$ cat target_8.cif   # mmCIF, C-alpha atoms
data_structure
#
loop_
_atom_site.label_atom_id
_atom_site.label_comp_id
_atom_site.auth_asym_id
_atom_site.auth_seq_id
_atom_site.Cartn_x
_atom_site.Cartn_y
_atom_site.Cartn_z
CA MET A 1201 -1.63 15.66 -46.08
CA ASN A 1202 -4.61 15.49 -43.73
CA PHE A 1203 -4.50 16.08 -39.98
CA ARG A 1204 -6.62 12.92 -39.50
CA GLU A 1205 -3.63 10.81 -40.48
CA TYR A 1206 -1.89 11.82 -37.24
CA ILE A 1207 -4.74 11.38 -34.78
CA ARG A 1208 -4.21 8.55 -32.30
CA LYS A 1209 -7.03 6.07 -32.79
CA VAL A 1210 -7.65 3.33 -30.24
CA GLU A 1211 -10.54 1.04 -29.42
CA PRO A 1212 -11.61 2.27 -25.98
CA TYR A 1213 -12.49 0.27 -22.91
CA VAL A 1214 -16.25 -0.13 -22.58
CA PRO A 1215 -17.38 0.24 -18.95
CA GLY A 1216 -20.52 -1.31 -17.55
CA GLU A 1217 -23.76 0.50 -18.30
CA GLN A 1218 -24.66 3.28 -15.86
CA PRO A 1219 -28.48 3.48 -15.95
CA GLN A 1220 -29.93 6.90 -15.29
CA GLY A 1221 -33.28 7.59 -13.62
CA GLY A 1222 -35.89 5.24 -12.21
CA ARG A 1223 -35.37 2.39 -9.79
CA VAL A 1224 -32.95 -0.24 -10.97
CA ILE A 1225 -30.93 -2.99 -9.35
CA LYS A 1226 -27.37 -2.39 -10.48
CA LEU A 1227 -25.32 -5.57 -10.40
CA ASN A 1228 -23.12 -4.90 -13.42
CA THR A 1229 -20.08 -2.83 -12.34
CA ASN A 1230 -18.82 -4.55 -9.16
CA GLU A 1231 -19.50 -1.61 -6.87
CA ASN A 1232 -19.96 -2.26 -3.17
CA PRO A 1233 -23.65 -2.45 -2.16
CA TYR A 1234 -22.90 -0.71 1.16
CA PRO A 1235 -22.00 2.94 1.73
CA PRO A 1236 -18.48 3.91 2.80
CA SER A 1237 -17.48 4.20 6.44
CA PRO A 1238 -19.26 6.98 8.39
CA ALA A 1239 -15.76 8.26 9.08
CA VAL A 1240 -15.53 9.16 5.40
CA GLN A 1241 -18.55 11.45 5.65
CA ARG A 1242 -17.11 13.15 8.71
CA ALA A 1243 -13.74 13.63 7.00
CA ILE A 1244 -15.38 15.26 3.99
CA GLU A 1245 -17.46 17.55 6.20
CA ASP A 1246 -14.29 18.63 8.04
CA ILE A 1247 -12.66 19.94 4.86
CA SER A 1248 -12.44 23.72 4.97
CA PRO A 1249 -14.10 25.27 1.90
CA ASP A 1250 -11.35 27.87 1.94
CA SER A 1251 -8.74 25.13 1.44
CA LEU A 1252 -10.28 24.20 -1.90
CA LYS A 1253 -8.75 27.27 -3.53
CA LEU A 1254 -5.33 25.70 -2.90
CA TYR A 1255 -3.75 22.79 -4.73
CA PRO A 1256 -3.75 19.47 -2.85
CA ASP A 1257 -0.55 17.91 -1.54
CA PRO A 1258 1.23 16.65 -4.69
CA ASP A 1259 2.96 13.89 -2.71
CA CYS A 1260 -0.35 12.70 -1.17
CA SER A 1261 1.68 12.14 2.01
CA GLY A 1262 -1.24 11.69 4.42
CA LEU A 1263 -2.84 8.90 2.40
CA ARG A 1264 0.49 7.23 1.61
CA GLN A 1265 1.37 7.27 5.31
CA ALA A 1266 -2.00 5.76 6.25
CA LEU A 1267 -1.58 2.98 3.68
CA ALA A 1268 2.02 2.36 4.72
CA ALA A 1269 0.96 1.97 8.36
CA HIS A 1270 -1.89 -0.35 7.37
CA PHE A 1271 0.29 -2.68 5.28
CA GLY A 1272 3.46 -2.45 7.34
CA VAL A 1273 5.61 -0.86 4.65
CA LYS A 1274 7.39 2.48 4.25
CA GLU A 1275 5.73 5.56 2.80
CA GLU A 1276 8.23 5.54 -0.08
CA GLN A 1277 6.88 2.12 -1.04
CA VAL A 1278 3.38 3.47 -1.74
CA PHE A 1279 2.05 5.23 -4.84
CA VAL A 1280 -1.51 6.59 -5.01
CA GLY A 1281 -3.62 7.75 -7.91
CA VAL A 1282 -7.08 8.44 -9.27
CA GLY A 1283 -8.37 4.91 -9.04
CA THR A 1284 -6.40 1.81 -9.95
CA ASP A 1285 -6.85 2.65 -13.64
CA ASP A 1286 -4.71 5.76 -13.16
CA VAL A 1287 -2.14 3.80 -11.14
CA LEU A 1288 -1.94 0.99 -13.69
CA ALA A 1289 -1.72 3.39 -16.64
CA MET A 1290 1.16 5.15 -14.89
CA ALA A 1291 2.84 1.79 -14.32
CA PHE A 1292 2.45 0.87 -18.00
CA MET A 1293 4.06 4.18 -19.01
CA THR A 1294 6.87 3.74 -16.49
CA PHE A 1295 7.87 0.09 -16.82
CA PHE A 1296 6.75 -1.32 -20.17
CA ASN A 1297 9.20 0.20 -22.62
CA SER A 1298 11.13 -2.70 -24.16
CA ASP A 1299 10.78 -4.26 -27.61
CA GLN A 1300 9.58 -7.50 -26.03
CA PRO A 1301 5.81 -7.99 -25.65
CA ILE A 1302 4.19 -7.69 -22.28
CA LEU A 1303 2.08 -10.68 -21.26
CA PHE A 1304 -1.42 -10.84 -19.80
CA PRO A 1305 -4.30 -13.36 -19.90
CA ASP A 1306 -6.63 -13.48 -22.90
CA ILE A 1307 -9.63 -13.35 -20.58
CA SER A 1308 -8.86 -10.57 -18.14
CA TYR A 1309 -9.31 -6.85 -17.47
CA ALA A 1310 -9.91 -5.33 -20.91
CA PHE A 1311 -8.07 -2.10 -20.08
CA TYR A 1312 -4.67 -3.85 -20.31
CA GLU A 1313 -5.02 -4.20 -24.07
CA VAL A 1314 -6.37 -0.65 -24.40
CA TRP A 1315 -3.37 0.86 -22.59
CA ALA A 1316 -0.93 -1.26 -24.57
CA ASN A 1317 -2.45 -0.14 -27.85
CA MET A 1318 -2.65 3.50 -26.79
CA LEU A 1319 0.97 3.60 -25.62
CA GLY A 1320 2.36 1.52 -28.48
CA ILE A 1321 3.44 -1.32 -26.18
CA PRO A 1322 3.80 -4.73 -27.87
CA PHE A 1323 1.75 -7.37 -26.09
CA ARG A 1324 0.74 -11.02 -26.22
CA LYS A 1325 -2.38 -12.44 -24.66
CA ILE A 1326 -1.82 -15.81 -22.99
CA PRO A 1327 -4.85 -18.14 -23.17
CA LEU A 1328 -6.37 -19.31 -19.92
CA SER A 1329 -6.81 -23.03 -19.49
CA ASP A 1330 -10.12 -24.70 -20.35
CA ASP A 1331 -11.26 -24.16 -16.76
CA PHE A 1332 -10.23 -20.46 -16.91
CA ARG A 1333 -7.05 -20.77 -14.84
CA ILE A 1334 -3.85 -18.79 -15.39
CA CYS A 1335 -1.01 -21.26 -16.09
CA ALA A 1336 2.25 -20.09 -14.52
CA GLY A 1337 4.36 -22.10 -16.97
CA ASP A 1338 2.97 -20.11 -19.88
CA TYR A 1339 4.70 -17.01 -18.50
CA ALA A 1340 8.16 -18.62 -18.32
CA CYS A 1341 9.36 -16.99 -21.51
CA GLU A 1342 11.09 -13.83 -22.66
CA ASN A 1343 8.83 -10.82 -22.18
CA GLY A 1344 8.70 -7.09 -21.58
CA GLY A 1345 6.62 -7.40 -18.40
CA ILE A 1346 3.65 -9.25 -16.96
CA VAL A 1347 0.32 -8.03 -15.60
CA PHE A 1348 -2.70 -9.98 -14.38
CA PRO A 1349 -5.54 -9.59 -11.86
CA ASN A 1350 -5.80 -11.80 -8.80
CA PRO A 1351 -8.62 -12.73 -8.39
CA ASN A 1352 -8.98 -12.60 -12.15
CA ALA A 1353 -11.77 -10.63 -13.76
CA PRO A 1354 -14.30 -11.48 -15.04
CA THR A 1355 -13.79 -15.08 -13.88
CA SER A 1356 -13.47 -14.34 -10.12
CA ILE A 1357 -10.84 -17.10 -9.82
CA LEU A 1358 -8.14 -16.67 -7.17
CA GLU A 1359 -4.57 -17.94 -7.38
CA PRO A 1360 -2.53 -18.50 -4.18
CA VAL A 1361 0.49 -16.40 -3.24
CA SER A 1362 2.71 -19.41 -4.04
CA PHE A 1363 1.52 -19.16 -7.66
CA ILE A 1364 2.51 -15.48 -7.81
CA GLU A 1365 5.90 -16.28 -6.33
CA LYS A 1366 6.44 -18.91 -9.01
CA ILE A 1367 5.83 -16.33 -11.74
CA LEU A 1368 8.18 -13.91 -10.00
CA CYS A 1369 10.94 -16.52 -9.77
CA GLN A 1370 10.56 -17.26 -13.48
CA ASN A 1371 10.79 -13.58 -14.40
CA ARG A 1372 13.43 -11.90 -12.24
CA ASP A 1373 14.33 -9.52 -15.10
CA SER A 1374 10.76 -8.38 -15.78
CA ILE A 1375 8.34 -6.17 -13.88
CA VAL A 1376 5.38 -8.24 -12.66
CA ILE A 1377 2.22 -6.31 -11.79
CA VAL A 1378 -0.44 -8.08 -9.73
CA ASP A 1379 -3.77 -6.24 -9.91
CA GLU A 1380 -5.56 -6.98 -6.62
CA ALA A 1381 -8.78 -5.03 -7.14
CA TYR A 1382 -10.81 -7.83 -5.52
CA ILE A 1383 -8.32 -9.42 -3.14
CA ASP A 1384 -10.18 -8.37 0.03
CA PHE A 1385 -13.12 -10.63 -0.79
CA GLY A 1386 -11.34 -13.92 -0.37
CA GLY A 1387 -7.61 -13.98 -0.95
CA GLU A 1388 -4.20 -13.35 0.53
CA SER A 1389 -2.43 -10.27 -0.79
CA ALA A 1390 0.95 -10.51 -2.47
CA ILE A 1391 2.06 -7.24 -0.82
CA PRO A 1392 4.42 -9.01 1.65
CA LEU A 1393 6.36 -10.33 -1.35
CA VAL A 1394 7.54 -6.81 -2.31
CA GLU A 1395 10.17 -7.09 0.42
CA LYS A 1396 11.62 -10.15 -1.32
CA TYR A 1397 11.13 -9.30 -5.00
CA ASP A 1398 12.18 -5.87 -6.25
CA ASN A 1399 10.44 -6.49 -9.60
CA LEU A 1400 6.95 -6.82 -8.05
CA LEU A 1401 4.29 -4.11 -8.06
CA VAL A 1402 0.93 -4.80 -6.35
CA THR A 1403 -2.06 -2.55 -7.04
CA GLN A 1404 -5.33 -2.24 -5.12
CA THR A 1405 -8.39 0.00 -5.18
CA PHE A 1406 -10.80 1.68 -2.77
CA SER A 1407 -13.65 1.24 -5.29
CA LYS A 1408 -14.64 -2.28 -4.23
CA SER A 1409 -14.09 -3.32 -0.62
CA ARG A 1410 -13.97 0.27 0.71
CA SER A 1411 -17.06 1.55 -1.16
CA LEU A 1412 -15.36 4.58 -2.71
CA ALA A 1413 -15.89 4.02 -6.44
CA GLY A 1414 -17.25 7.56 -6.68
CA MET A 1415 -14.05 9.04 -5.21
CA ARG A 1416 -11.55 7.23 -7.47
CA VAL A 1417 -8.76 6.18 -5.11
CA GLY A 1418 -6.19 3.54 -6.04
CA PHE A 1419 -2.69 2.67 -4.94
CA ALA A 1420 0.36 0.52 -5.62
CA VAL A 1421 2.92 -1.01 -3.28
CA GLY A 1422 6.42 -1.93 -4.43
CA SER A 1423 10.09 -1.32 -3.73
CA PRO A 1424 11.16 2.29 -3.09
CA GLU A 1425 12.99 2.14 -6.43
CA LEU A 1426 9.88 1.22 -8.44
CA ILE A 1427 7.69 3.74 -6.64
CA GLY A 1428 10.33 6.43 -7.18
CA TYR A 1429 10.28 5.81 -10.93
CA MET A 1430 6.47 6.03 -10.96
CA MET A 1431 6.52 9.28 -9.00
CA SER A 1432 8.94 10.78 -11.54
CA VAL A 1433 6.69 9.86 -14.45
CA ARG A 1434 3.58 11.08 -12.61
CA ASN A 1435 5.24 14.42 -11.81
CA SER A 1436 6.19 14.78 -15.47
CA TYR A 1437 2.57 14.21 -16.45
CA ASN A 1438 0.37 15.69 -13.68
CA SER A 1439 1.68 16.49 -10.20
CA TYR A 1440 -1.80 17.06 -8.73
CA THR A 1441 -3.64 13.88 -9.61
CA MET A 1442 -5.72 13.54 -6.43
CA ASN A 1443 -8.03 16.17 -4.98
CA ARG A 1444 -8.37 17.09 -1.30
CA THR A 1445 -11.73 15.38 -0.87
CA ALA A 1446 -10.53 12.04 -2.23
CA LEU A 1447 -7.39 12.18 -0.09
CA ALA A 1448 -9.38 12.86 3.08
CA ALA A 1449 -11.92 10.15 2.24
CA GLY A 1450 -9.16 7.64 1.53
CA ILE A 1451 -7.40 8.24 4.84
CA ALA A 1452 -10.65 7.88 6.79
CA ALA A 1453 -11.61 4.69 4.95
CA VAL A 1454 -8.31 2.89 5.46
CA GLN A 1455 -8.26 3.75 9.17
CA ASP A 1456 -11.74 2.34 9.93
CA GLN A 1457 -10.87 -1.36 10.05
CA GLU A 1458 -13.96 -2.38 12.02
CA TYR A 1459 -16.36 -1.04 9.39
CA PHE A 1460 -14.24 -2.49 6.59
CA ASP A 1461 -14.35 -5.96 8.14
CA ARG A 1462 -18.08 -5.78 8.77
CA THR A 1463 -19.12 -4.78 5.25
CA ARG A 1464 -16.53 -6.99 3.54
CA ASN A 1465 -17.77 -10.01 5.50
CA ALA A 1466 -21.37 -9.13 4.67
CA VAL A 1467 -20.56 -9.21 0.94
CA ILE A 1468 -18.80 -12.57 1.33
CA ARG A 1469 -21.76 -14.09 3.17
CA THR A 1470 -24.18 -12.90 0.50
CA ARG A 1471 -21.89 -14.21 -2.23
CA GLU A 1472 -21.73 -17.68 -0.71
CA GLN A 1473 -25.51 -17.75 -0.41
CA ALA A 1474 -25.75 -16.61 -4.06
CA VAL A 1475 -23.65 -19.57 -5.18
CA LEU A 1476 -26.19 -21.94 -3.65
CA ARG A 1477 -29.27 -20.08 -4.87
CA LEU A 1478 -28.01 -19.78 -8.43
CA LYS A 1479 -27.07 -23.45 -8.48
CA GLU A 1480 -30.66 -24.28 -7.52
CA LEU A 1481 -31.76 -22.24 -10.55
CA GLY A 1482 -29.53 -24.21 -12.91
CA PHE A 1483 -26.41 -22.04 -13.02
CA ASP A 1484 -22.80 -23.10 -12.65
CA GLY A 1485 -19.42 -21.38 -12.78
CA PRO A 1486 -15.99 -21.10 -11.17
CA GLU A 1487 -15.72 -20.84 -7.40
CA PRO A 1488 -15.85 -17.06 -6.78
CA ALA A 1489 -13.29 -15.16 -4.71
CA ALA A 1490 -14.35 -11.60 -5.60
CA ASN A 1491 -17.49 -9.51 -5.04
CA PHE A 1492 -19.09 -10.98 -8.15
CA LEU A 1493 -20.00 -14.34 -9.66
CA PHE A 1494 -19.22 -15.60 -13.16
CA VAL A 1495 -21.98 -18.01 -14.16
CA ARG A 1496 -23.75 -19.68 -17.06
CA HIS A 1497 -27.10 -21.43 -17.21
CA GLN A 1498 -27.27 -25.06 -18.27
CA THR A 1499 -29.98 -24.50 -20.91
CA VAL A 1500 -30.80 -20.80 -21.43
CA PRO A 1501 -28.31 -18.56 -23.28
CA ALA A 1502 -26.66 -15.82 -21.22
CA LYS A 1503 -27.56 -13.11 -23.74
CA GLU A 1504 -31.25 -13.98 -23.43
CA ILE A 1505 -31.15 -13.91 -19.62
CA PHE A 1506 -29.24 -10.61 -19.71
CA GLY A 1507 -31.88 -8.97 -21.90
CA LYS A 1508 -34.83 -10.21 -19.88
CA LEU A 1509 -33.25 -9.09 -16.61
CA LYS A 1510 -32.65 -5.64 -18.10
CA GLU A 1511 -36.34 -5.43 -19.08
CA ARG A 1512 -37.10 -5.91 -15.38
CA GLY A 1513 -34.66 -3.18 -14.31
CA ILE A 1514 -31.95 -5.57 -13.16
CA PHE A 1515 -28.55 -4.89 -14.72
CA VAL A 1516 -25.84 -7.58 -14.87
CA ARG A 1517 -22.80 -7.74 -17.18
CA TYR A 1518 -22.71 -9.69 -20.44
CA PHE A 1519 -19.54 -10.01 -22.52
CA SER A 1520 -19.98 -10.80 -26.21
CA LYS A 1521 -16.50 -12.29 -26.49
CA PRO A 1522 -15.10 -15.67 -27.52
CA ARG A 1523 -15.13 -18.39 -24.83
CA ILE A 1524 -17.20 -16.32 -22.37
CA ASP A 1525 -20.20 -15.28 -24.46
CA ASN A 1526 -22.48 -17.65 -22.56
CA TYR A 1527 -21.53 -16.30 -19.13
CA LEU A 1528 -22.93 -13.51 -16.97
CA ARG A 1529 -20.96 -11.55 -14.42
CA ILE A 1530 -23.21 -10.73 -11.47
CA THR A 1531 -22.09 -8.28 -8.81
CA VAL A 1532 -23.03 -9.20 -5.25
CA GLY A 1533 -25.68 -6.76 -4.04
CA THR A 1534 -27.51 -6.49 -0.75
CA ASP A 1535 -29.52 -9.47 0.41
CA GLU A 1536 -32.70 -7.65 -0.64
CA GLU A 1537 -31.35 -6.93 -4.14
CA MET A 1538 -30.23 -10.52 -4.57
CA GLU A 1539 -33.66 -11.82 -3.56
CA GLU A 1540 -35.19 -9.70 -6.33
CA LEU A 1541 -32.62 -11.13 -8.74
CA TYR A 1542 -33.50 -14.72 -7.76
CA ALA A 1543 -37.24 -13.99 -8.14
CA ALA A 1544 -36.71 -12.47 -11.60
CA LEU A 1545 -34.55 -15.39 -12.68
CA GLY A 1546 -37.20 -17.79 -11.46
CA GLU A 1547 -39.74 -16.09 -13.76
CA ILE A 1548 -37.38 -15.97 -16.73
CA LEU A 1549 -36.34 -19.61 -16.43
CA ALA A 1550 -39.79 -21.01 -15.68
#

$ encode --input "target_8.cif" --output "structure tokens"
Amino acid sequence: MNFREYIRKVEPYVPGEQPQGGRVIKLNTNENPYPPSPAVQRAIEDISPDSLKLYPDPDCSGLRQALAAHFGVKEEQVFVGVGTDDVLAMAFMTFFNSDQPILFPDISYAFYEVWANMLGIPFRKIPLSDDFRICAGDYACENGGIVFPNPNAPTSILEPVSFIEKILCQNRDSIVIVDEAYIDFGGESAIPLVEKYDNLLVTQTFSKSRSLAGMRVGFAVGSPELIGYMMSVRNSYNSYTMNRTALAAGIAAVQDQEYFDRTRNAVIRTREQAVLRLKELGFDGPEPAANFLFVRHQTVPAKEIFGKLKERGIFVRYFSKPRIDNYLRITVGTDEEMEELYAALGEILA
């Protein structure tokens, strides 16, 4: 008998490349091109160094209260964690425990499959349509739960709230998780539906629209019953998931609505301009509703463009996967960064 026989082996999620050193234009990991609210800096500076010797609030009450006030729900309807990945992993552990497979799109956030494999959860990937849409009717079947992003990633395609409600109506006996990492860039949140559907959990992140990817703050909104179950699992795993700095930064960020609106709208304006500029260069793709575009060129392979951009210090995301291996995912940067991207593409495609 060898100890290697009992080691858990999984194929890990591969994050976007994080270039180190030198000047690069980083458009590959969907971070916000703008810094967080100035209120975040002030909140961090106000933290007493002496308080860091103490554990943070295990209930994360201040941040949960701020989020509850923002979304018009009760504190007991909010769960927070170390980024949405932590929140989603906790949800997988809590809710997906039947013998039936959970369902998620075949082209979607790659971590869903990683968590399912790691936790021994049976799953089935549901193919998107030819135009990369999620088909609600495909989820009207027996299952152990459903999870999907809206807008979807990496396609950036948004489905309306009526679509989500259709899936919920078809699956009253299953937990449905809607991953809204990018919802602030063009869609209507499904959070109001948690008052009507006790099987709905909606997750969001501070990494995108609130510019706090470096702090790792994520949250979920659902019925008090669902959130209570997640809290029990979290407290059985790690009661102190969020540190004092992240909690303070999160509260400050969610309370500065004016800054949030200004930077979010700036990203949307730049994205809409990018659609036009890339079309002029020969690209096409789905109508984007996130802080990134999912595009292909009419004549030049995506892998070739990806490599030549990287040589010029411009990083975008390329997925060597079936059906999408001729697409690039391009994060929306500042106007100045996008102009450099257009110039580099003009050289490459000339």

$ closest_residue --input "target_8.cif" --among "A:Ser1251, A:Asn1232, A:Ser1423, A:Ser1409" --to "Glu1275 (chain A)" --atoms "all atoms listed in the file"
A:Ser1423

$ closest_residue --input "target_8.cif" --among "A:Thr1499, A:Thr1405, A:Thr1445, A:Asn1435" --to "Leu1481 (chain A)" --atoms "all atoms listed in the file"
A:Thr1499

$ atom_distance --input "target_8.cif" --atom1 "CA of His1270 (chain A)" --atom2 "CA of Gln1455 (chain A)"
7.8 Å

$ atom_distance --input "target_8.cif" --atom1 "CA of Ser1389 (chain A)" --atom2 "CA of Glu1313 (chain A)"
24.2 Å

$ resolve_selection --input "target_8.cif" --expression "the PyMOL selection byres ((chain A and resi 1227-1231) around 12)" --output "PDB file with C-alpha atoms, keeping the file's coordinate frame"
ATOM      1  CA  VAL A1214     -16.250  -0.130 -22.580  1.00  0.00           C
ATOM      2  CA  PRO A1215     -17.380   0.240 -18.950  1.00  0.00           C
ATOM      3  CA  GLY A1216     -20.520  -1.310 -17.550  1.00  0.00           C
ATOM      4  CA  GLU A1217     -23.760   0.500 -18.300  1.00  0.00           C
ATOM      5  CA  GLN A1218     -24.660   3.280 -15.860  1.00  0.00           C
ATOM      6  CA  PRO A1219     -28.480   3.480 -15.950  1.00  0.00           C
ATOM      7  CA  VAL A1224     -32.950  -0.240 -10.970  1.00  0.00           C
ATOM      8  CA  ILE A1225     -30.930  -2.990  -9.350  1.00  0.00           C
ATOM      9  CA  LYS A1226     -27.370  -2.390 -10.480  1.00  0.00           C
ATOM     10  CA  ASN A1232     -19.960  -2.260  -3.170  1.00  0.00           C
ATOM     11  CA  PRO A1233     -23.650  -2.450  -2.160  1.00  0.00           C
ATOM     12  CA  TYR A1234     -22.900  -0.710   1.160  1.00  0.00           C
ATOM     13  CA  PRO A1235     -22.000   2.940   1.730  1.00  0.00           C
ATOM     14  CA  PRO A1236     -18.480   3.910   2.800  1.00  0.00           C
ATOM     15  CA  ALA A1353     -11.770 -10.630 -13.760  1.00  0.00           C
ATOM     16  CA  PRO A1354     -14.300 -11.480 -15.040  1.00  0.00           C
ATOM     17  CA  SER A1356     -13.470 -14.340 -10.120  1.00  0.00           C
ATOM     18  CA  ALA A1381      -8.780  -5.030  -7.140  1.00  0.00           C
ATOM     19  CA  TYR A1382     -10.810  -7.830  -5.520  1.00  0.00           C
ATOM     20  CA  PHE A1385     -13.120 -10.630  -0.790  1.00  0.00           C
ATOM     21  CA  THR A1405      -8.390   0.000  -5.180  1.00  0.00           C
ATOM     22  CA  PHE A1406     -10.800   1.680  -2.770  1.00  0.00           C
ATOM     23  CA  SER A1407     -13.650   1.240  -5.290  1.00  0.00           C
ATOM     24  CA  LYS A1408     -14.640  -2.280  -4.230  1.00  0.00           C
ATOM     25  CA  SER A1409     -14.090  -3.320  -0.620  1.00  0.00           C
ATOM     26  CA  ARG A1410     -13.970   0.270   0.710  1.00  0.00           C
ATOM     27  CA  SER A1411     -17.060   1.550  -1.160  1.00  0.00           C
ATOM     28  CA  LEU A1412     -15.360   4.580  -2.710  1.00  0.00           C
ATOM     29  CA  ALA A1413     -15.890   4.020  -6.440  1.00  0.00           C
ATOM     30  CA  GLY A1414     -17.250   7.560  -6.680  1.00  0.00           C
ATOM     31  CA  ARG A1416     -11.550   7.230  -7.470  1.00  0.00           C
ATOM     32  CA  VAL A1467     -20.560  -9.210   0.940  1.00  0.00           C
ATOM     33  CA  ALA A1490     -14.350 -11.600  -5.600  1.00  0.00           C
ATOM     34  CA  ASN A1491     -17.490  -9.510  -5.040  1.00  0.00           C
ATOM     35  CA  PHE A1492     -19.090 -10.980  -8.150  1.00  0.00           C
ATOM     36  CA  LEU A1493     -20.000 -14.340  -9.660  1.00  0.00           C
ATOM     37  CA  PHE A1494     -19.220 -15.600 -13.160  1.00  0.00           C
ATOM     38  CA  PHE A1506     -29.240 -10.610 -19.710  1.00  0.00           C
ATOM     39  CA  LEU A1509     -33.250  -9.090 -16.610  1.00  0.00           C
ATOM     40  CA  LYS A1510     -32.650  -5.640 -18.100  1.00  0.00           C
ATOM     41  CA  GLY A1513     -34.660  -3.180 -14.310  1.00  0.00           C
ATOM     42  CA  ILE A1514     -31.950  -5.570 -13.160  1.00  0.00           C
ATOM     43  CA  PHE A1515     -28.550  -4.890 -14.720  1.00  0.00           C
ATOM     44  CA  VAL A1516     -25.840  -7.580 -14.870  1.00  0.00           C
ATOM     45  CA  ARG A1517     -22.800  -7.740 -17.180  1.00  0.00           C
ATOM     46  CA  TYR A1518     -22.710  -9.690 -20.440  1.00  0.00           C
ATOM     47  CA  PHE A1519     -19.540 -10.010 -22.520  1.00  0.00           C
ATOM     48  CA  LEU A1528     -22.930 -13.510 -16.970  1.00  0.00           C
ATOM     49  CA  ARG A1529     -20.960 -11.550 -14.420  1.00  0.00           C
ATOM     50  CA  ILE A1530     -23.210 -10.730 -11.470  1.00  0.00           C
ATOM     51  CA  THR A1531     -22.090  -8.280  -8.810  1.00  0.00           C
ATOM     52  CA  VAL A1532     -23.030  -9.200  -5.250  1.00  0.00           C
ATOM     53  CA  GLY A1533     -25.680  -6.760  -4.040  1.00  0.00           C
ATOM     54  CA  THR A1534     -27.510  -6.490  -0.750  1.00  0.00           C
ATOM     55  CA  GLU A1537     -31.350  -6.930  -4.140  1.00  0.00           C
ATOM     56  CA  MET A1538     -30.230 -10.520  -4.570  1.00  0.00           C
ATOM     57  CA  GLU A1540     -35.190  -9.700  -6.330  1.00  0.00           C
ATOM     58  CA  LEU A1541     -32.620 -11.130  -8.740  1.00  0.00           C
TER      59      LEU A1541
END

$ decode --input "target_8.cif" --residues "region 1336-1364 of chain A" --atoms "C-alpha atoms" --output "compact mmCIF listing (two decimals), in the first residue's frame"
# COMPACT_ATOMS: atom_id res chain seq x y z
CA ALA A 1336 -33.76 27.33 -20.06
CA GLY A 1337 -35.56 24.25 -21.36
CA ASP A 1338 -32.38 22.20 -21.10
CA TYR A 1339 -32.51 22.62 -17.31
CA ALA A 1340 -36.07 21.29 -16.95
CA CYS A 1341 -34.93 17.86 -15.83
CA GLU A 1342 -34.12 15.99 -12.64
CA ASN A 1343 -30.94 17.36 -11.08
CA GLY A 1344 -29.03 17.89 -7.86
CA GLY A 1345 -28.77 21.66 -8.31
CA ILE A 1346 -28.04 24.30 -10.92
CA VAL A 1347 -25.34 26.97 -11.15
CA PHE A 1348 -24.56 29.44 -13.92
CA PRO A 1349 -23.10 32.94 -14.31
CA ASN A 1350 -25.21 35.85 -15.51
CA PRO A 1351 -23.73 37.48 -17.54
CA ASN A 1352 -22.03 34.26 -18.56
CA ALA A 1353 -18.26 34.01 -18.67
CA PRO A 1354 -16.34 34.00 -20.92
CA THR A 1355 -19.11 34.89 -23.41
CA SER A 1356 -20.30 38.10 -21.66
CA ILE A 1357 -23.90 37.27 -22.64
CA LEU A 1358 -26.67 38.45 -20.30
CA GLU A 1359 -29.99 36.70 -19.71
CA PRO A 1360 -33.00 38.68 -18.38
CA VAL A 1361 -34.49 38.15 -14.93
CA SER A 1362 -37.51 36.51 -16.59
CA PHE A 1363 -35.17 33.79 -17.87
CA ILE A 1364 -33.87 33.14 -14.35
